[in-house]
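What follows is the content of work39.tsv (TSV, N, CA and C atoms).
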chain	number	residue	atom	x	y	z
D	447	MET	N	22.00	-104.80	-13.16
D	447	MET	CA	21.61	-103.45	-13.54
D	447	MET	C	22.11	-102.46	-12.49
D	448	PRO	N	22.78	-101.39	-12.92
D	448	PRO	CA	23.31	-100.45	-11.93
D	448	PRO	C	22.18	-99.69	-11.22
D	449	LEU	N	22.46	-99.30	-9.99
D	449	LEU	CA	21.48	-98.52	-9.23
D	449	LEU	C	21.42	-97.11	-9.80
D	450	PRO	N	20.24	-96.47	-9.72
D	450	PRO	CA	20.17	-95.08	-10.16
D	450	PRO	C	21.00	-94.20	-9.22
D	451	ARG	N	21.69	-93.24	-9.80
D	451	ARG	CA	22.54	-92.34	-9.01
D	451	ARG	C	21.74	-91.18	-8.46
D	452	LEU	N	21.96	-90.89	-7.18
D	452	LEU	CA	21.38	-89.71	-6.53
D	452	LEU	C	22.54	-88.80	-6.20
D	453	LEU	N	22.63	-87.68	-6.90
D	453	LEU	CA	23.67	-86.69	-6.66
D	453	LEU	C	23.16	-85.73	-5.60
D	454	LEU	N	23.90	-85.64	-4.47
D	454	LEU	CA	23.43	-84.74	-3.44
D	454	LEU	C	24.52	-83.75	-3.06
D	455	ILE	N	24.06	-82.57	-2.65
D	455	ILE	CA	24.99	-81.54	-2.20
D	455	ILE	C	24.52	-81.04	-0.85
D	456	ASP	N	25.45	-81.10	0.12
D	456	ASP	CA	25.19	-80.57	1.45
D	456	ASP	C	26.53	-80.28	2.09
D	457	ASP	N	26.67	-79.13	2.72
D	457	ASP	CA	27.94	-78.75	3.32
D	457	ASP	C	28.13	-79.31	4.72
D	458	GLU	N	27.11	-79.97	5.27
D	458	GLU	CA	27.23	-80.58	6.60
D	458	GLU	C	27.50	-82.07	6.41
D	459	PRO	N	28.74	-82.54	6.67
D	459	PRO	CA	29.09	-83.94	6.43
D	459	PRO	C	28.14	-84.94	7.11
D	460	ALA	N	27.73	-84.66	8.35
D	460	ALA	CA	26.85	-85.59	9.05
D	460	ALA	C	25.51	-85.72	8.34
D	461	LEU	N	24.98	-84.59	7.88
D	461	LEU	CA	23.70	-84.64	7.17
D	461	LEU	C	23.86	-85.28	5.79
D	462	ALA	N	24.96	-84.99	5.12
D	462	ALA	CA	25.22	-85.61	3.81
D	462	ALA	C	25.27	-87.14	3.96
D	463	ASP	N	25.94	-87.61	5.01
D	463	ASP	CA	26.01	-89.06	5.25
D	463	ASP	C	24.64	-89.63	5.56
D	464	PHE	N	23.85	-88.88	6.32
D	464	PHE	CA	22.49	-89.27	6.68
D	464	PHE	C	21.64	-89.40	5.41
D	465	LEU	N	21.72	-88.39	4.54
D	465	LEU	CA	20.98	-88.42	3.27
D	465	LEU	C	21.45	-89.60	2.40
D	466	ALA	N	22.77	-89.82	2.38
D	466	ALA	CA	23.32	-90.92	1.58
D	466	ALA	C	22.81	-92.27	2.09
D	467	SER	N	22.73	-92.41	3.42
D	467	SER	CA	22.21	-93.67	4.00
D	467	SER	C	20.77	-93.90	3.60
D	468	ALA	N	19.95	-92.85	3.67
D	468	ALA	CA	18.55	-92.98	3.28
D	468	ALA	C	18.45	-93.31	1.79
D	469	ALA	N	19.33	-92.72	0.98
D	469	ALA	CA	19.34	-92.99	-0.46
D	469	ALA	C	19.69	-94.45	-0.73
D	470	LYS	N	20.71	-94.97	-0.02
D	470	LYS	CA	21.09	-96.38	-0.18
D	470	LYS	C	19.95	-97.30	0.20
D	471	GLU	N	19.31	-97.00	1.34
D	471	GLU	CA	18.18	-97.83	1.80
D	471	GLU	C	17.04	-97.83	0.78
D	472	SER	N	16.94	-96.74	0.02
D	472	SER	CA	15.85	-96.59	-0.95
D	472	SER	C	16.23	-97.08	-2.34
D	473	GLY	N	17.43	-97.66	-2.49
D	473	GLY	CA	17.82	-98.25	-3.77
D	473	GLY	C	18.57	-97.33	-4.71
D	474	PHE	N	19.19	-96.28	-4.17
D	474	PHE	CA	20.01	-95.38	-4.99
D	474	PHE	C	21.48	-95.60	-4.70
D	475	GLU	N	22.31	-95.18	-5.65
D	475	GLU	CA	23.75	-95.07	-5.42
D	475	GLU	C	24.02	-93.60	-5.13
D	476	PRO	N	24.27	-93.23	-3.86
D	476	PRO	CA	24.47	-91.82	-3.55
D	476	PRO	C	25.85	-91.31	-3.95
D	477	VAL	N	25.89	-90.11	-4.47
D	477	VAL	CA	27.15	-89.42	-4.79
D	477	VAL	C	27.10	-88.11	-4.01
D	478	ILE	N	28.00	-87.97	-3.03
D	478	ILE	CA	27.98	-86.80	-2.15
D	478	ILE	C	28.94	-85.73	-2.65
D	479	THR	N	28.44	-84.50	-2.74
D	479	THR	CA	29.30	-83.36	-3.05
D	479	THR	C	29.07	-82.32	-1.96
D	480	ALA	N	30.11	-81.51	-1.70
D	480	ALA	CA	30.04	-80.55	-0.60
D	480	ALA	C	30.04	-79.10	-1.07
D	481	ASP	N	30.30	-78.88	-2.36
D	481	ASP	CA	30.27	-77.50	-2.85
D	481	ASP	C	29.83	-77.46	-4.31
D	482	ASP	N	29.59	-76.25	-4.74
D	482	ASP	CA	29.06	-75.94	-6.06
D	482	ASP	C	29.89	-76.55	-7.19
D	483	GLU	N	31.21	-76.34	-7.14
D	483	GLU	CA	32.09	-76.83	-8.21
D	483	GLU	C	32.10	-78.35	-8.30
D	484	GLU	N	32.19	-78.97	-7.13
D	484	GLU	CA	32.20	-80.44	-7.05
D	484	GLU	C	30.88	-81.00	-7.61
D	485	PHE	N	29.78	-80.35	-7.26
D	485	PHE	CA	28.46	-80.77	-7.73
D	485	PHE	C	28.38	-80.69	-9.26
D	486	ARG	N	28.78	-79.55	-9.80
D	486	ARG	CA	28.72	-79.37	-11.26
D	486	ARG	C	29.61	-80.36	-12.00
D	487	ALA	N	30.81	-80.60	-11.45
D	487	ALA	CA	31.74	-81.56	-12.07
D	487	ALA	C	31.15	-82.97	-12.07
D	488	ALA	N	30.60	-83.38	-10.92
D	488	ALA	CA	30.00	-84.72	-10.82
D	488	ALA	C	28.80	-84.84	-11.75
D	489	PHE	N	28.03	-83.77	-11.85
D	489	PHE	CA	26.85	-83.77	-12.72
D	489	PHE	C	27.27	-83.95	-14.18
D	490	ARG	N	28.29	-83.19	-14.59
D	490	ARG	CA	28.74	-83.24	-15.99
D	490	ARG	C	29.41	-84.58	-16.32
D	491	LYS	N	30.07	-85.17	-15.32
D	491	LYS	CA	30.77	-86.44	-15.53
D	491	LYS	C	29.77	-87.54	-15.87
D	492	ARG	N	28.69	-87.60	-15.11
D	492	ARG	CA	27.65	-88.60	-15.38
D	492	ARG	C	26.33	-88.08	-14.83
D	493	THR	N	25.39	-87.82	-15.71
D	493	THR	CA	24.10	-87.27	-15.30
D	493	THR	C	23.40	-88.21	-14.34
D	494	PRO	N	23.05	-87.71	-13.15
D	494	PRO	CA	22.38	-88.56	-12.17
D	494	PRO	C	20.91	-88.77	-12.49
D	495	GLU	N	20.34	-89.83	-11.92
D	495	GLU	CA	18.91	-90.10	-12.11
D	495	GLU	C	18.06	-89.24	-11.17
D	496	MET	N	18.71	-88.63	-10.17
D	496	MET	CA	18.01	-87.74	-9.24
D	496	MET	C	19.03	-86.83	-8.57
D	497	VAL	N	18.56	-85.65	-8.15
D	497	VAL	CA	19.40	-84.68	-7.44
D	497	VAL	C	18.71	-84.29	-6.15
D	498	ALA	N	19.50	-84.17	-5.07
D	498	ALA	CA	18.99	-83.63	-3.80
D	498	ALA	C	19.89	-82.46	-3.43
D	499	LEU	N	19.28	-81.29	-3.20
D	499	LEU	CA	20.12	-80.15	-2.87
D	499	LEU	C	19.64	-79.36	-1.67
D	500	ASP	N	20.65	-78.84	-0.97
D	500	ASP	CA	20.45	-77.97	0.17
D	500	ASP	C	20.51	-76.54	-0.37
D	501	LEU	N	19.53	-75.73	-0.04
D	501	LEU	CA	19.52	-74.35	-0.54
D	501	LEU	C	20.55	-73.46	0.15
D	502	GLY	N	20.79	-73.74	1.44
D	502	GLY	CA	21.68	-72.87	2.21
D	502	GLY	C	23.08	-73.41	2.31
D	503	MET	N	23.95	-72.92	1.42
D	503	MET	CA	25.33	-73.39	1.40
D	503	MET	C	26.25	-72.18	1.46
D	504	PRO	N	27.38	-72.29	2.20
D	504	PRO	CA	28.29	-71.14	2.25
D	504	PRO	C	28.89	-70.83	0.88
D	505	GLY	N	28.92	-69.57	0.54
D	505	GLY	CA	29.55	-69.14	-0.72
D	505	GLY	C	28.73	-69.39	-1.96
D	506	MET	N	27.51	-69.87	-1.82
D	506	MET	CA	26.67	-70.07	-3.00
D	506	MET	C	25.21	-70.11	-2.59
D	507	ASP	N	24.38	-70.02	-3.58
D	507	ASP	CA	22.95	-70.00	-3.36
D	507	ASP	C	22.37	-71.21	-4.08
D	508	GLY	N	21.54	-71.98	-3.39
D	508	GLY	CA	20.92	-73.15	-4.02
D	508	GLY	C	20.15	-72.81	-5.28
D	509	VAL	N	19.67	-71.56	-5.34
D	509	VAL	CA	18.93	-71.12	-6.53
D	509	VAL	C	19.84	-71.15	-7.76
D	510	GLU	N	21.13	-70.86	-7.56
D	510	GLU	CA	22.09	-70.94	-8.68
D	510	GLU	C	22.13	-72.36	-9.24
D	511	LEU	N	22.09	-73.34	-8.34
D	511	LEU	CA	22.12	-74.74	-8.80
D	511	LEU	C	20.83	-75.11	-9.51
D	512	ILE	N	19.71	-74.57	-9.05
D	512	ILE	CA	18.44	-74.79	-9.75
D	512	ILE	C	18.54	-74.25	-11.17
D	513	ARG	N	19.11	-73.06	-11.31
D	513	ARG	CA	19.30	-72.48	-12.65
D	513	ARG	C	20.27	-73.32	-13.49
D	514	PHE	N	21.35	-73.80	-12.87
D	514	PHE	CA	22.32	-74.67	-13.56
D	514	PHE	C	21.61	-75.91	-14.10
D	515	LEU	N	20.80	-76.56	-13.26
D	515	LEU	CA	20.09	-77.78	-13.68
D	515	LEU	C	19.14	-77.48	-14.84
D	516	ALA	N	18.47	-76.33	-14.77
D	516	ALA	CA	17.56	-75.94	-15.86
D	516	ALA	C	18.36	-75.70	-17.15
D	517	ASP	N	19.53	-75.06	-17.02
D	517	ASP	CA	20.38	-74.81	-18.20
D	517	ASP	C	20.86	-76.12	-18.83
D	518	GLN	N	20.97	-77.17	-18.02
D	518	GLN	CA	21.40	-78.49	-18.52
D	518	GLN	C	20.21	-79.28	-19.08
D	519	HIS	N	19.02	-78.69	-19.03
D	519	HIS	CA	17.77	-79.35	-19.46
D	519	HIS	C	17.57	-80.66	-18.69
D	520	TYR	N	17.83	-80.60	-17.39
D	520	TYR	CA	17.73	-81.77	-16.53
D	520	TYR	C	16.26	-82.15	-16.35
D	521	ALA	N	15.92	-83.42	-16.64
D	521	ALA	CA	14.51	-83.83	-16.64
D	521	ALA	C	14.13	-84.69	-15.43
D	522	ALA	N	15.13	-85.17	-14.68
D	522	ALA	CA	14.84	-86.07	-13.55
D	522	ALA	C	14.46	-85.27	-12.29
D	523	PRO	N	13.98	-85.96	-11.24
D	523	PRO	CA	13.52	-85.25	-10.04
D	523	PRO	C	14.63	-84.47	-9.32
D	524	VAL	N	14.24	-83.30	-8.81
D	524	VAL	CA	15.12	-82.46	-8.00
D	524	VAL	C	14.45	-82.28	-6.64
D	525	LEU	N	15.09	-82.83	-5.61
D	525	LEU	CA	14.55	-82.77	-4.25
D	525	LEU	C	15.27	-81.67	-3.48
D	526	ILE	N	14.50	-80.77	-2.89
D	526	ILE	CA	15.09	-79.73	-2.04
D	526	ILE	C	15.02	-80.21	-0.59
D	527	VAL	N	16.19	-80.19	0.07
D	527	VAL	CA	16.28	-80.52	1.49
D	527	VAL	C	16.93	-79.31	2.15
D	528	SER	N	16.21	-78.64	3.03
D	528	SER	CA	16.77	-77.40	3.56
D	528	SER	C	16.18	-77.02	4.90
D	529	GLY	N	16.94	-76.23	5.64
D	529	GLY	CA	16.48	-75.72	6.92
D	529	GLY	C	15.89	-74.32	6.79
D	530	PHE	N	15.81	-73.81	5.57
D	530	PHE	CA	15.26	-72.48	5.36
D	530	PHE	C	13.77	-72.41	5.71
D	531	ASP	N	13.32	-71.22	5.88
D	531	ASP	CA	11.91	-70.93	6.11
D	531	ASP	C	11.07	-71.52	4.98
D	532	ARG	N	9.89	-72.00	5.33
D	532	ARG	CA	8.99	-72.64	4.36
D	532	ARG	C	8.73	-71.75	3.13
D	533	ARG	N	8.57	-70.45	3.33
D	533	ARG	CA	8.31	-69.54	2.19
D	533	ARG	C	9.48	-69.54	1.21
D	534	VAL	N	10.70	-69.58	1.75
D	534	VAL	CA	11.90	-69.61	0.89
D	534	VAL	C	11.92	-70.92	0.11
D	535	LEU	N	11.62	-72.03	0.79
D	535	LEU	CA	11.59	-73.33	0.12
D	535	LEU	C	10.56	-73.34	-1.00
D	536	GLU	N	9.38	-72.80	-0.69
D	536	GLU	CA	8.32	-72.80	-1.71
D	536	GLU	C	8.66	-71.92	-2.90
D	537	SER	N	9.32	-70.78	-2.66
D	537	SER	CA	9.66	-69.93	-3.80
D	537	SER	C	10.74	-70.58	-4.66
D	538	ALA	N	11.71	-71.27	-4.03
D	538	ALA	CA	12.74	-71.99	-4.80
D	538	ALA	C	12.09	-73.12	-5.60
D	539	PHE	N	11.14	-73.79	-4.97
D	539	PHE	CA	10.40	-74.88	-5.62
D	539	PHE	C	9.66	-74.36	-6.85
D	540	ARG	N	8.96	-73.24	-6.67
D	540	ARG	CA	8.20	-72.64	-7.80
D	540	ARG	C	9.13	-72.17	-8.91
D	541	LEU	N	10.29	-71.62	-8.53
D	541	LEU	CA	11.26	-71.19	-9.54
D	541	LEU	C	11.69	-72.40	-10.37
D	542	GLY	N	12.03	-73.50	-9.69
D	542	GLY	CA	12.44	-74.71	-10.39
D	542	GLY	C	11.37	-75.17	-11.37
D	543	GLU	N	10.13	-75.18	-10.90
D	543	GLU	CA	9.02	-75.59	-11.79
D	543	GLU	C	8.89	-74.64	-12.97
D	544	ALA	N	9.01	-73.34	-12.71
D	544	ALA	CA	8.90	-72.34	-13.78
D	544	ALA	C	10.01	-72.52	-14.82
D	545	LEU	N	11.18	-73.01	-14.36
D	545	LEU	CA	12.30	-73.24	-15.27
D	545	LEU	C	12.22	-74.60	-15.96
D	546	GLY	N	11.14	-75.35	-15.66
D	546	GLY	CA	10.92	-76.62	-16.35
D	546	GLY	C	11.47	-77.85	-15.63
D	547	LEU	N	11.91	-77.69	-14.37
D	547	LEU	CA	12.44	-78.84	-13.63
D	547	LEU	C	11.32	-79.63	-12.96
D	548	THR	N	11.59	-80.90	-12.69
D	548	THR	CA	10.65	-81.76	-11.95
D	548	THR	C	11.01	-81.65	-10.48
D	549	MET	N	10.36	-80.72	-9.79
D	549	MET	CA	10.68	-80.45	-8.39
D	549	MET	C	9.89	-81.39	-7.49
D	550	VAL	N	10.56	-81.91	-6.44
D	550	VAL	CA	9.91	-82.75	-5.44
D	550	VAL	C	10.30	-82.26	-4.04
D	551	GLY	N	9.48	-82.62	-3.07
D	551	GLY	CA	9.71	-82.12	-1.72
D	551	GLY	C	8.93	-80.83	-1.54
D	552	PRO	N	9.43	-79.86	-0.85
D	552	PRO	CA	10.71	-79.88	-0.16
D	552	PRO	C	10.65	-80.67	1.14
D	553	VAL	N	11.82	-81.19	1.54
D	553	VAL	CA	11.96	-81.87	2.83
D	553	VAL	C	12.65	-80.88	3.75
D	554	GLU	N	12.03	-80.59	4.90
D	554	GLU	CA	12.58	-79.60	5.81
D	554	GLU	C	13.52	-80.23	6.82
D	555	LYS	N	14.60	-79.51	7.12
D	555	LYS	CA	15.50	-79.92	8.20
D	555	LYS	C	14.90	-79.45	9.51
D	556	PRO	N	15.05	-80.14	10.63
D	556	PRO	CA	15.74	-81.43	10.73
D	556	PRO	C	14.95	-82.54	10.04
D	557	VAL	N	15.66	-83.36	9.30
D	557	VAL	CA	15.05	-84.40	8.48
D	557	VAL	C	14.86	-85.68	9.31
D	558	ARG	N	13.69	-86.28	9.20
D	558	ARG	CA	13.45	-87.58	9.83
D	558	ARG	C	13.80	-88.66	8.81
D	559	PHE	N	14.59	-89.64	9.23
D	559	PHE	CA	15.07	-90.69	8.34
D	559	PHE	C	13.91	-91.39	7.63
D	560	ASP	N	12.87	-91.77	8.39
D	560	ASP	CA	11.76	-92.52	7.79
D	560	ASP	C	11.01	-91.68	6.76
D	561	ALA	N	10.87	-90.39	7.03
D	561	ALA	CA	10.17	-89.50	6.07
D	561	ALA	C	10.99	-89.36	4.79
D	562	LEU	N	12.30	-89.20	4.94
D	562	LEU	CA	13.18	-89.06	3.78
D	562	LEU	C	13.21	-90.36	2.97
D	563	GLU	N	13.31	-91.47	3.67
D	563	GLU	CA	13.32	-92.78	3.00
D	563	GLU	C	12.02	-93.00	2.23
D	564	ASP	N	10.93	-92.57	2.81
D	564	ASP	CA	9.62	-92.71	2.15
D	564	ASP	C	9.58	-91.92	0.84
D	565	VAL	N	10.02	-90.66	0.89
D	565	VAL	CA	10.06	-89.81	-0.31
D	565	VAL	C	10.96	-90.45	-1.37
D	566	LEU	N	12.16	-90.86	-0.96
D	566	LEU	CA	13.12	-91.45	-1.91
D	566	LEU	C	12.61	-92.76	-2.51
D	567	SER	N	11.99	-93.60	-1.69
D	567	SER	CA	11.47	-94.88	-2.18
D	567	SER	C	10.36	-94.66	-3.22
D	568	ARG	N	9.50	-93.68	-2.94
D	568	ARG	CA	8.43	-93.37	-3.90
D	568	ARG	C	9.01	-92.86	-5.21
D	569	LEU	N	10.03	-92.01	-5.13
D	569	LEU	CA	10.65	-91.47	-6.34
D	569	LEU	C	11.40	-92.58	-7.09
D	570	ARG	N	12.07	-93.44	-6.34
D	570	ARG	CA	12.82	-94.55	-6.94
D	570	ARG	C	11.88	-95.42	-7.78
D	571	ALA	N	10.67	-95.61	-7.30
D	571	ALA	CA	9.68	-96.45	-8.01
D	571	ALA	C	9.25	-95.83	-9.34
D	572	THR	N	9.43	-94.51	-9.48
D	572	THR	CA	8.99	-93.84	-10.72
D	572	THR	C	10.09	-93.80	-11.79
D	573	LEU	N	11.32	-94.18	-11.40
D	573	LEU	CA	12.44	-94.07	-12.35
D	573	LEU	C	12.49	-95.26	-13.30

Please render this file's structure as C-alpha cells.
Amino acid sequence: MPLPRLLLIDDEPALADFLASAAKESGFEPVITADDEEFRAAFRKRTPEMVALDLGMPGMDGVELIRFLADQHYAAPVLIVSGFDRRVLESAFRLGEALGLTMVGPVEKPVRFDALEDVLSRLRATL
C-alpha cells in the first residue's frame, strides 16, 4: 500500500528537508515544493493526503494557497508551519476553517523535530 503523500511548500531548503524528514519518520511520502506554481502543479497532478504550508513566502501569500485549497474543495488536513506572529497564524487558521478546510497546527518556527513528528504521527493515524 502506498504511503500517504504530504505536499509541503517552504522556500527555505533546509527547513523543507527537515519537514520532509519528519514526514518520512511519521509514515508519509513527502513532496517538496518551493513556490506557488510548483505547489499548484504538484497538487493538481495528484491530490495529496495532507498539505503543510509556510505562510511567509517571497512573491506570494500563504493565504492565497489557503484560498486555492478551498477552491479545490480539499478535504484533507492542512498544517500551517510558519515563523509569523501567533495572531497572523491564528487568523490564517480561522480563514481556512471559514473556507471549509480541515486546519491543523499551527506549528511555529523554529520547529522542534519531536513536536512536528508528534503532530504528523497523530494526523497520519487519522488518514

Legend entry - Separation of atom N of Phe559 of chain D from atom N of Gly542 of chain D in Å: 25.0 Å

Tell me, as a PDB file with N, CA and C atoms, in the coordinates of the input, which residues lie within 10 Å of segment 543-554 of chain D, counting only C-alpha atoms; anything in the same chain fewer than 3 positions away does not count.
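So result_15.pdb came out as:
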ATOM      1  N   MET D 496      18.710 -88.630 -10.170  1.00  0.00           N
ATOM      2  CA  MET D 496      18.010 -87.740  -9.240  1.00  0.00           C
ATOM      3  C   MET D 496      19.030 -86.830  -8.570  1.00  0.00           C
ATOM      4  N   VAL D 497      18.560 -85.650  -8.150  1.00  0.00           N
ATOM      5  CA  VAL D 497      19.400 -84.680  -7.440  1.00  0.00           C
ATOM      6  C   VAL D 497      18.710 -84.290  -6.150  1.00  0.00           C
ATOM      7  N   ALA D 498      19.500 -84.170  -5.070  1.00  0.00           N
ATOM      8  CA  ALA D 498      18.990 -83.630  -3.800  1.00  0.00           C
ATOM      9  C   ALA D 498      19.890 -82.460  -3.430  1.00  0.00           C
ATOM     10  N   LEU D 499      19.280 -81.290  -3.200  1.00  0.00           N
ATOM     11  CA  LEU D 499      20.120 -80.150  -2.870  1.00  0.00           C
ATOM     12  C   LEU D 499      19.640 -79.360  -1.670  1.00  0.00           C
ATOM     13  N   ASP D 500      20.650 -78.840  -0.970  1.00  0.00           N
ATOM     14  CA  ASP D 500      20.450 -77.970   0.170  1.00  0.00           C
ATOM     15  C   ASP D 500      20.510 -76.540  -0.370  1.00  0.00           C
ATOM     16  N   ILE D 512      19.710 -74.570  -9.050  1.00  0.00           N
ATOM     17  CA  ILE D 512      18.440 -74.790  -9.750  1.00  0.00           C
ATOM     18  C   ILE D 512      18.540 -74.250 -11.170  1.00  0.00           C
ATOM     19  N   ARG D 513      19.110 -73.060 -11.310  1.00  0.00           N
ATOM     20  CA  ARG D 513      19.300 -72.480 -12.650  1.00  0.00           C
ATOM     21  C   ARG D 513      20.270 -73.320 -13.490  1.00  0.00           C
ATOM     22  N   LEU D 515      20.800 -76.560 -13.260  1.00  0.00           N
ATOM     23  CA  LEU D 515      20.090 -77.780 -13.680  1.00  0.00           C
ATOM     24  C   LEU D 515      19.140 -77.480 -14.840  1.00  0.00           C
ATOM     25  N   ALA D 516      18.470 -76.330 -14.770  1.00  0.00           N
ATOM     26  CA  ALA D 516      17.560 -75.940 -15.860  1.00  0.00           C
ATOM     27  C   ALA D 516      18.360 -75.700 -17.150  1.00  0.00           C
ATOM     28  N   ASP D 517      19.530 -75.060 -17.020  1.00  0.00           N
ATOM     29  CA  ASP D 517      20.380 -74.810 -18.200  1.00  0.00           C
ATOM     30  C   ASP D 517      20.860 -76.120 -18.830  1.00  0.00           C
ATOM     31  N   HIS D 519      19.020 -78.690 -19.030  1.00  0.00           N
ATOM     32  CA  HIS D 519      17.770 -79.350 -19.460  1.00  0.00           C
ATOM     33  C   HIS D 519      17.570 -80.660 -18.690  1.00  0.00           C
ATOM     34  N   TYR D 520      17.830 -80.600 -17.390  1.00  0.00           N
ATOM     35  CA  TYR D 520      17.730 -81.770 -16.530  1.00  0.00           C
ATOM     36  C   TYR D 520      16.260 -82.150 -16.350  1.00  0.00           C
ATOM     37  N   ALA D 521      15.920 -83.420 -16.640  1.00  0.00           N
ATOM     38  CA  ALA D 521      14.510 -83.830 -16.640  1.00  0.00           C
ATOM     39  C   ALA D 521      14.130 -84.690 -15.430  1.00  0.00           C
ATOM     40  N   ALA D 522      15.130 -85.170 -14.680  1.00  0.00           N
ATOM     41  CA  ALA D 522      14.840 -86.070 -13.550  1.00  0.00           C
ATOM     42  C   ALA D 522      14.460 -85.270 -12.290  1.00  0.00           C
ATOM     43  N   PRO D 523      13.980 -85.960 -11.240  1.00  0.00           N
ATOM     44  CA  PRO D 523      13.520 -85.250 -10.040  1.00  0.00           C
ATOM     45  C   PRO D 523      14.630 -84.470  -9.320  1.00  0.00           C
ATOM     46  N   VAL D 524      14.240 -83.300  -8.810  1.00  0.00           N
ATOM     47  CA  VAL D 524      15.120 -82.460  -8.000  1.00  0.00           C
ATOM     48  C   VAL D 524      14.450 -82.280  -6.640  1.00  0.00           C
ATOM     49  N   LEU D 525      15.090 -82.830  -5.610  1.00  0.00           N
ATOM     50  CA  LEU D 525      14.550 -82.770  -4.250  1.00  0.00           C
ATOM     51  C   LEU D 525      15.270 -81.670  -3.480  1.00  0.00           C
ATOM     52  N   ILE D 526      14.500 -80.770  -2.890  1.00  0.00           N
ATOM     53  CA  ILE D 526      15.090 -79.730  -2.040  1.00  0.00           C
ATOM     54  C   ILE D 526      15.020 -80.210  -0.590  1.00  0.00           C
ATOM     55  N   VAL D 527      16.190 -80.190   0.070  1.00  0.00           N
ATOM     56  CA  VAL D 527      16.280 -80.520   1.490  1.00  0.00           C
ATOM     57  C   VAL D 527      16.930 -79.310   2.150  1.00  0.00           C
ATOM     58  N   SER D 528      16.210 -78.640   3.030  1.00  0.00           N
ATOM     59  CA  SER D 528      16.770 -77.400   3.560  1.00  0.00           C
ATOM     60  C   SER D 528      16.180 -77.020   4.900  1.00  0.00           C
ATOM     61  N   GLY D 529      16.940 -76.230   5.640  1.00  0.00           N
ATOM     62  CA  GLY D 529      16.480 -75.720   6.920  1.00  0.00           C
ATOM     63  C   GLY D 529      15.890 -74.320   6.790  1.00  0.00           C
ATOM     64  N   PHE D 530      15.810 -73.810   5.570  1.00  0.00           N
ATOM     65  CA  PHE D 530      15.260 -72.480   5.360  1.00  0.00           C
ATOM     66  C   PHE D 530      13.770 -72.410   5.710  1.00  0.00           C
ATOM     67  N   ASP D 531      13.320 -71.220   5.880  1.00  0.00           N
ATOM     68  CA  ASP D 531      11.910 -70.930   6.110  1.00  0.00           C
ATOM     69  C   ASP D 531      11.070 -71.520   4.980  1.00  0.00           C
ATOM     70  N   ARG D 532       9.890 -72.000   5.330  1.00  0.00           N
ATOM     71  CA  ARG D 532       8.990 -72.640   4.360  1.00  0.00           C
ATOM     72  C   ARG D 532       8.730 -71.750   3.130  1.00  0.00           C
ATOM     73  N   LEU D 535      11.620 -72.030   0.790  1.00  0.00           N
ATOM     74  CA  LEU D 535      11.590 -73.330   0.120  1.00  0.00           C
ATOM     75  C   LEU D 535      10.560 -73.340  -1.000  1.00  0.00           C
ATOM     76  N   GLU D 536       9.380 -72.800  -0.690  1.00  0.00           N
ATOM     77  CA  GLU D 536       8.320 -72.800  -1.710  1.00  0.00           C
ATOM     78  C   GLU D 536       8.660 -71.920  -2.900  1.00  0.00           C
ATOM     79  N   SER D 537       9.320 -70.780  -2.660  1.00  0.00           N
ATOM     80  CA  SER D 537       9.660 -69.930  -3.800  1.00  0.00           C
ATOM     81  C   SER D 537      10.740 -70.580  -4.660  1.00  0.00           C
ATOM     82  N   ALA D 538      11.710 -71.270  -4.030  1.00  0.00           N
ATOM     83  CA  ALA D 538      12.740 -71.990  -4.800  1.00  0.00           C
ATOM     84  C   ALA D 538      12.090 -73.120  -5.600  1.00  0.00           C
ATOM     85  N   PHE D 539      11.140 -73.790  -4.970  1.00  0.00           N
ATOM     86  CA  PHE D 539      10.400 -74.880  -5.620  1.00  0.00           C
ATOM     87  C   PHE D 539       9.660 -74.360  -6.850  1.00  0.00           C
ATOM     88  N   ARG D 540       8.960 -73.240  -6.670  1.00  0.00           N
ATOM     89  CA  ARG D 540       8.200 -72.640  -7.800  1.00  0.00           C
ATOM     90  C   ARG D 540       9.130 -72.170  -8.910  1.00  0.00           C
ATOM     91  N   VAL D 557      15.660 -83.360   9.300  1.00  0.00           N
ATOM     92  CA  VAL D 557      15.050 -84.400   8.480  1.00  0.00           C
ATOM     93  C   VAL D 557      14.860 -85.680   9.310  1.00  0.00           C
ATOM     94  N   ARG D 558      13.690 -86.280   9.200  1.00  0.00           N
ATOM     95  CA  ARG D 558      13.450 -87.580   9.830  1.00  0.00           C
ATOM     96  C   ARG D 558      13.800 -88.660   8.810  1.00  0.00           C
ATOM     97  N   ALA D 561      10.870 -90.390   7.030  1.00  0.00           N
ATOM     98  CA  ALA D 561      10.170 -89.500   6.070  1.00  0.00           C
ATOM     99  C   ALA D 561      10.990 -89.360   4.790  1.00  0.00           C
ATOM    100  N   LEU D 562      12.300 -89.200   4.940  1.00  0.00           N
ATOM    101  CA  LEU D 562      13.180 -89.060   3.780  1.00  0.00           C
ATOM    102  C   LEU D 562      13.210 -90.360   2.970  1.00  0.00           C
ATOM    103  N   VAL D 565      10.020 -90.660   0.890  1.00  0.00           N
ATOM    104  CA  VAL D 565      10.060 -89.810  -0.310  1.00  0.00           C
ATOM    105  C   VAL D 565      10.960 -90.450  -1.370  1.00  0.00           C
ATOM    106  N   LEU D 566      12.160 -90.860  -0.960  1.00  0.00           N
ATOM    107  CA  LEU D 566      13.120 -91.450  -1.910  1.00  0.00           C
ATOM    108  C   LEU D 566      12.610 -92.760  -2.510  1.00  0.00           C
ATOM    109  N   LEU D 569      10.030 -92.010  -5.130  1.00  0.00           N
ATOM    110  CA  LEU D 569      10.650 -91.470  -6.340  1.00  0.00           C
ATOM    111  C   LEU D 569      11.400 -92.580  -7.090  1.00  0.00           C
TER     112      LEU D 569
END

Inset, instruction - Please return as a ChimeraX atom specification: the residues of segment 480-567 of chain D that backbone DSSP assigns to alpha helix (DSSP H). - result: /D:482-491,508-517,532-544,559-567

Inset, instruction - Using all atoms listed in the file, find the one residue out of D:Leu541, D:Gln518, D:Val477, D:Asp507 that sits nearest to Arg451 of chain D. - result: D:Val477

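Atom pair atom CA of Glu510 of chain D / atom CA of Ile455 of chain D: separated by 12.8 Å.
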
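Candidate residues D:Phe474, D:Lys491, D:Arg533, D:Asp463 were compared for distance to Pro448 of chain D, and the nearest is D:Phe474, using only N, CA and C atoms.
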
Legend entry - Proximity to Arg570 of chain D - best of D:Gly505, D:Glu484, D:Pro494, D:Ser472, only N, CA and C atoms: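 Closest residue, counting only N, CA and C atoms: D:Ser472.
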